[in-house]
Amino acid sequence: MLRKIVFNTRDQLTTIDPSLVAAVQADGNYSRVFYINKREISLTTSISKVEEILKANAGRQNRFIRLNRSIIVNHSFLHKIDLQRELLILTDGSKGELRLNLSKKTLKSYKEAVIQSIKIKNSHEKNNIG
């Protein structure tokens with residue numbers, strides 16, 4: 001289980017719970033953190049720094065994927081990639097859902113990466129059986 005992460009800047013101290021973070025979006029030199037329950041937190045920290053801190057705190061359990069210059073998603077909440085509607089839906093399986101409008105190019109790359117990841121995982125599982 002991931003512990004809370006502290007973002008300490010000159011003017012603010014903000015904590016986030018990475019297990020609830022569905023996405024992080026760049027907003028200039030700031031970042032907007034979206035929890036799966038739709039709560040939003042603004043950080044006076046760049047998305048690159050947020051990404052670095054998330055990865056450092058996640059270790060081998062890193063579920064955060066940078067899709068493009070301005071968005072990071074928590075892969076564990078992935079529910080649907082809809083290329084036609086240019087929509088990514090993240091959900092926790094109950095009430096929490098976040099819908100993100102992203103470019104078709106970004107979504108297509110993400111979809112291909114997910115499919116490739118599944119193929120690799122299935123290949124490893126087949127090789128370990130028997």
# chains A, B, ... in the order shown; residues from 1 in each chain; ligands from 1
$ select_by_dssp --residues "chain A" --states "alpha helix (DSSP H)" --output "ChimeraX atom specification"
/A:47-58,104-128
$ closest_atom_pairs --of "segment 60-117 of chain A" --to "segment 6-22 of chain A" --cutoff "9 Å" --atoms "only C-alpha atoms" --output "JSON lines"
{"residue": "A:Phe64", "atom": "CA", "partner": "A:Ala22", "partner_atom": "CA", "distance": 8.8}
{"residue": "A:Ile72", "atom": "CA", "partner": "A:Ala22", "partner_atom": "CA", "distance": 8.5}
{"residue": "A:Val73", "atom": "CA", "partner": "A:Ala22", "partner_atom": "CA", "distance": 5.8}
{"residue": "A:Asn74", "atom": "CA", "partner": "A:Ala22", "partner_atom": "CA", "distance": 5.0}
{"residue": "A:His75", "atom": "CA", "partner": "A:Ala22", "partner_atom": "CA", "distance": 8.1}
{"residue": "A:Ser76", "atom": "CA", "partner": "A:Ala22", "partner_atom": "CA", "distance": 8.5}
{"residue": "A:Phe77", "atom": "CA", "partner": "A:Ala22", "partner_atom": "CA", "distance": 6.6}
{"residue": "A:Leu78", "atom": "CA", "partner": "A:Ala22", "partner_atom": "CA", "distance": 8.9}
{"residue": "A:Leu90", "atom": "CA", "partner": "A:Ala22", "partner_atom": "CA", "distance": 6.9}
{"residue": "A:Thr91", "atom": "CA", "partner": "A:Ala22", "partner_atom": "CA", "distance": 8.1}
{"residue": "A:Asp92", "atom": "CA", "partner": "A:Ala22", "partner_atom": "CA", "distance": 8.9}
{"residue": "A:Glu97", "atom": "CA", "partner": "A:Ala22", "partner_atom": "CA", "distance": 8.8}
{"residue": "A:Leu98", "atom": "CA", "partner": "A:Ala22", "partner_atom": "CA", "distance": 7.4}
$ write_last_selection --atoms "all heavy atoms" --output "JSON list (two decimals), in the first residue's frame"
[["chain", "number", "residue", "atom", "x", "y", "z"],
["A", 64, "PHE", "N", 1.52, 4.46, -12.54],
["A", 64, "PHE", "CA", 1.34, 5.75, -13.19],
["A", 64, "PHE", "C", 2.07, 5.77, -14.53],
["A", 64, "PHE", "O", 3.24, 5.44, -14.62],
["A", 64, "PHE", "CB", 1.83, 6.89, -12.29],
["A", 64, "PHE", "CG", 0.99, 7.02, -11.06],
["A", 64, "PHE", "CD1", 1.36, 6.43, -9.87],
["A", 64, "PHE", "CD2", -0.21, 7.72, -11.10],
["A", 64, "PHE", "CE1", 0.57, 6.54, -8.74],
["A", 64, "PHE", "CE2", -1.01, 7.83, -9.97],
["A", 64, "PHE", "CZ", -0.62, 7.24, -8.79],
["A", 72, "ILE", "N", -0.83, 12.32, -16.93],
["A", 72, "ILE", "CA", -0.37, 11.07, -16.32],
["A", 72, "ILE", "C", -1.64, 10.37, -15.84],
["A", 72, "ILE", "O", -2.52, 11.01, -15.26],
["A", 72, "ILE", "CB", 0.55, 11.32, -15.11],
["A", 72, "ILE", "CG1", 1.81, 12.06, -15.52],
["A", 72, "ILE", "CG2", 0.90, 10.01, -14.40],
["A", 72, "ILE", "CD1", 2.63, 12.57, -14.33],
["A", 73, "VAL", "N", -1.75, 9.06, -16.08],
["A", 73, "VAL", "CA", -2.91, 8.33, -15.57],
["A", 73, "VAL", "C", -2.46, 7.17, -14.68],
["A", 73, "VAL", "O", -1.36, 6.65, -14.83],
["A", 73, "VAL", "CB", -3.82, 7.79, -16.70],
["A", 73, "VAL", "CG1", -4.40, 8.92, -17.51],
["A", 73, "VAL", "CG2", -3.11, 6.80, -17.58],
["A", 74, "ASN", "N", -3.35, 6.80, -13.77],
["A", 74, "ASN", "CA", -3.14, 5.62, -12.94],
["A", 74, "ASN", "C", -3.74, 4.44, -13.69],
["A", 74, "ASN", "O", -4.95, 4.30, -13.79],
["A", 74, "ASN", "CB", -3.81, 5.82, -11.58],
["A", 74, "ASN", "CG", -3.53, 4.69, -10.63],
["A", 74, "ASN", "OD1", -3.24, 3.57, -11.04],
["A", 74, "ASN", "ND2", -3.64, 4.98, -9.34],
["A", 75, "HIS", "N", -2.88, 3.62, -14.24],
["A", 75, "HIS", "CA", -3.28, 2.51, -15.09],
["A", 75, "HIS", "C", -4.22, 1.53, -14.38],
["A", 75, "HIS", "O", -5.04, 0.88, -15.01],
["A", 75, "HIS", "CB", -2.02, 1.79, -15.60],
["A", 75, "HIS", "CG", -2.29, 0.66, -16.51],
["A", 75, "HIS", "ND1", -2.82, 0.82, -17.77],
["A", 75, "HIS", "CD2", -2.11, -0.68, -16.34],
["A", 75, "HIS", "CE1", -2.94, -0.35, -18.35],
["A", 75, "HIS", "NE2", -2.52, -1.27, -17.51],
["A", 76, "SER", "N", -4.14, 1.44, -13.07],
["A", 76, "SER", "CA", -4.98, 0.49, -12.35],
["A", 76, "SER", "C", -6.46, 0.87, -12.40],
["A", 76, "SER", "O", -7.32, 0.03, -12.13],
["A", 76, "SER", "CB", -4.52, 0.34, -10.90],
["A", 76, "SER", "OG", -4.60, 1.56, -10.22],
["A", 77, "PHE", "N", -6.78, 2.11, -12.76],
["A", 77, "PHE", "CA", -8.17, 2.54, -12.88],
["A", 77, "PHE", "C", -8.70, 2.46, -14.31],
["A", 77, "PHE", "O", -9.84, 2.83, -14.57],
["A", 77, "PHE", "CB", -8.34, 3.98, -12.38],
["A", 77, "PHE", "CG", -8.18, 4.13, -10.89],
["A", 77, "PHE", "CD1", -7.28, 5.05, -10.39],
["A", 77, "PHE", "CD2", -8.93, 3.39, -10.00],
["A", 77, "PHE", "CE1", -7.14, 5.22, -9.01],
["A", 77, "PHE", "CE2", -8.80, 3.53, -8.63],
["A", 77, "PHE", "CZ", -7.90, 4.45, -8.13],
["A", 78, "LEU", "N", -7.89, 1.97, -15.25],
["A", 78, "LEU", "CA", -8.32, 1.92, -16.65],
["A", 78, "LEU", "C", -9.60, 1.09, -16.80],
["A", 78, "LEU", "O", -9.68, -0.04, -16.34],
["A", 78, "LEU", "CB", -7.23, 1.31, -17.53],
["A", 78, "LEU", "CG", -7.61, 1.09, -19.00],
["A", 78, "LEU", "CD1", -7.94, 2.41, -19.69],
["A", 78, "LEU", "CD2", -6.50, 0.37, -19.73],
["A", 90, "LEU", "N", -11.67, 6.19, -16.61],
["A", 90, "LEU", "CA", -11.00, 5.56, -15.47],
["A", 90, "LEU", "C", -12.07, 5.34, -14.40],
["A", 90, "LEU", "O", -12.90, 6.22, -14.16],
["A", 90, "LEU", "CB", -9.90, 6.46, -14.93],
["A", 90, "LEU", "CG", -8.84, 6.90, -15.95],
["A", 90, "LEU", "CD1", -7.92, 7.95, -15.34],
["A", 90, "LEU", "CD2", -8.04, 5.71, -16.44],
["A", 91, "THR", "N", -12.05, 4.17, -13.75],
["A", 91, "THR", "CA", -13.04, 3.89, -12.72],
["A", 91, "THR", "C", -12.44, 3.00, -11.64],
["A", 91, "THR", "O", -11.50, 2.26, -11.88],
["A", 91, "THR", "CB", -14.31, 3.23, -13.32],
["A", 91, "THR", "OG1", -15.27, 3.05, -12.29],
["A", 91, "THR", "CG2", -14.00, 1.90, -13.96],
["A", 92, "ASP", "N", -13.04, 3.09, -10.45],
["A", 92, "ASP", "CA", -12.61, 2.23, -9.35],
["A", 92, "ASP", "C", -13.51, 1.00, -9.22],
["A", 92, "ASP", "O", -13.39, 0.22, -8.29],
["A", 92, "ASP", "CB", -12.54, 3.00, -8.03],
["A", 92, "ASP", "CG", -13.89, 3.51, -7.55],
["A", 92, "ASP", "OD1", -14.91, 3.28, -8.23],
["A", 92, "ASP", "OD2", -13.92, 4.16, -6.49],
["A", 97, "GLU", "N", -15.61, 7.54, -11.00],
["A", 97, "GLU", "CA", -15.34, 7.49, -12.43],
["A", 97, "GLU", "C", -14.81, 8.85, -12.88],
["A", 97, "GLU", "O", -15.31, 9.88, -12.47],
["A", 97, "GLU", "CB", -16.61, 7.15, -13.21],
["A", 97, "GLU", "CG", -16.37, 7.08, -14.71],
["A", 97, "GLU", "CD", -17.61, 6.70, -15.49],
["A", 97, "GLU", "OE1", -17.91, 5.50, -15.55],
["A", 97, "GLU", "OE2", -18.27, 7.61, -16.02],
["A", 98, "LEU", "N", -13.79, 8.81, -13.71],
["A", 98, "LEU", "CA", -13.22, 10.03, -14.29],
["A", 98, "LEU", "C", -13.16, 9.85, -15.79],
["A", 98, "LEU", "O", -12.64, 8.85, -16.28],
["A", 98, "LEU", "CB", -11.82, 10.28, -13.71],
["A", 98, "LEU", "CG", -11.10, 11.54, -14.18],
["A", 98, "LEU", "CD1", -11.83, 12.79, -13.70],
["A", 98, "LEU", "CD2", -9.67, 11.55, -13.67]]
$ residues_around --residues "Lys111 of chain A" --least-positions-apart "6" --cutoff "12 Å" --atoms "only C-alpha atoms" --output "number ranges by chain"
A: 67, 75, 78-83, 86-88, 104-105, 117-118
$ atom_distance --atom1 "atom CA of Asn101 of chain A" --atom2 "atom CA of Ile36 of chain A"
15.5 Å
$ atom_distance --atom1 "atom CA of Ser42 of chain A" --atom2 "atom CA of Lys95 of chain A"
22.7 Å
$ select_by_dssp --residues "segment 22-79 of chain A" --states "strand (DSSP E or B)" --output "ChimeraX atom specification"
/A:22-27,30-35,40-43,64-68,71-74,78-79
$ write_last_selection --atoms "C-alpha atoms" --output "CSV table (one decimal), in the first residue's frame"
chain,number,residue,atom,x,y,z
A,22,ALA,CA,-6.7,8.7,-11.1
A,23,ALA,CA,-4.9,11.3,-13.2
A,24,VAL,CA,-2.5,14.3,-13.1
A,25,GLN,CA,-2.9,17.1,-15.7
A,26,ALA,CA,-0.4,19.8,-16.4
A,27,ASP,CA,-1.6,23.4,-16.1
A,30,TYR,CA,1.2,23.8,-11.9
A,31,SER,CA,-0.5,20.4,-11.8
A,32,ARG,CA,-4.1,19.4,-11.3
A,33,VAL,CA,-4.5,16.1,-9.4
A,34,PHE,CA,-7.7,14.2,-10.0
A,35,TYR,CA,-8.8,11.6,-7.4
A,40,GLU,CA,-9.4,17.9,-7.6
A,41,ILE,CA,-6.2,19.3,-6.0
A,42,SER,CA,-4.0,22.0,-7.5
A,43,LEU,CA,-0.3,21.7,-6.8
A,64,PHE,CA,1.3,5.8,-13.2
A,65,ILE,CA,1.9,6.2,-16.9
A,66,ARG,CA,2.7,9.4,-18.7
A,67,LEU,CA,0.6,9.5,-21.8
A,68,ASN,CA,1.8,12.8,-23.2
A,71,ILE,CA,-1.3,13.9,-18.6
A,72,ILE,CA,-0.4,11.1,-16.3
A,73,VAL,CA,-2.9,8.3,-15.6
A,74,ASN,CA,-3.1,5.6,-12.9
A,78,LEU,CA,-8.3,1.9,-16.6
A,79,HIS,CA,-11.8,1.0,-17.7
$ atom_distance --atom1 "atom CA of Lys108 of chain A" --atom2 "atom CA of Arg63 of chain A"
18.7 Å
$ closest_residue --among "A:Ser70, A:Asn29, A:Ser109, A:Ser103" --to "Thr44 of chain A" --atoms "only C-alpha atoms"
A:Asn29
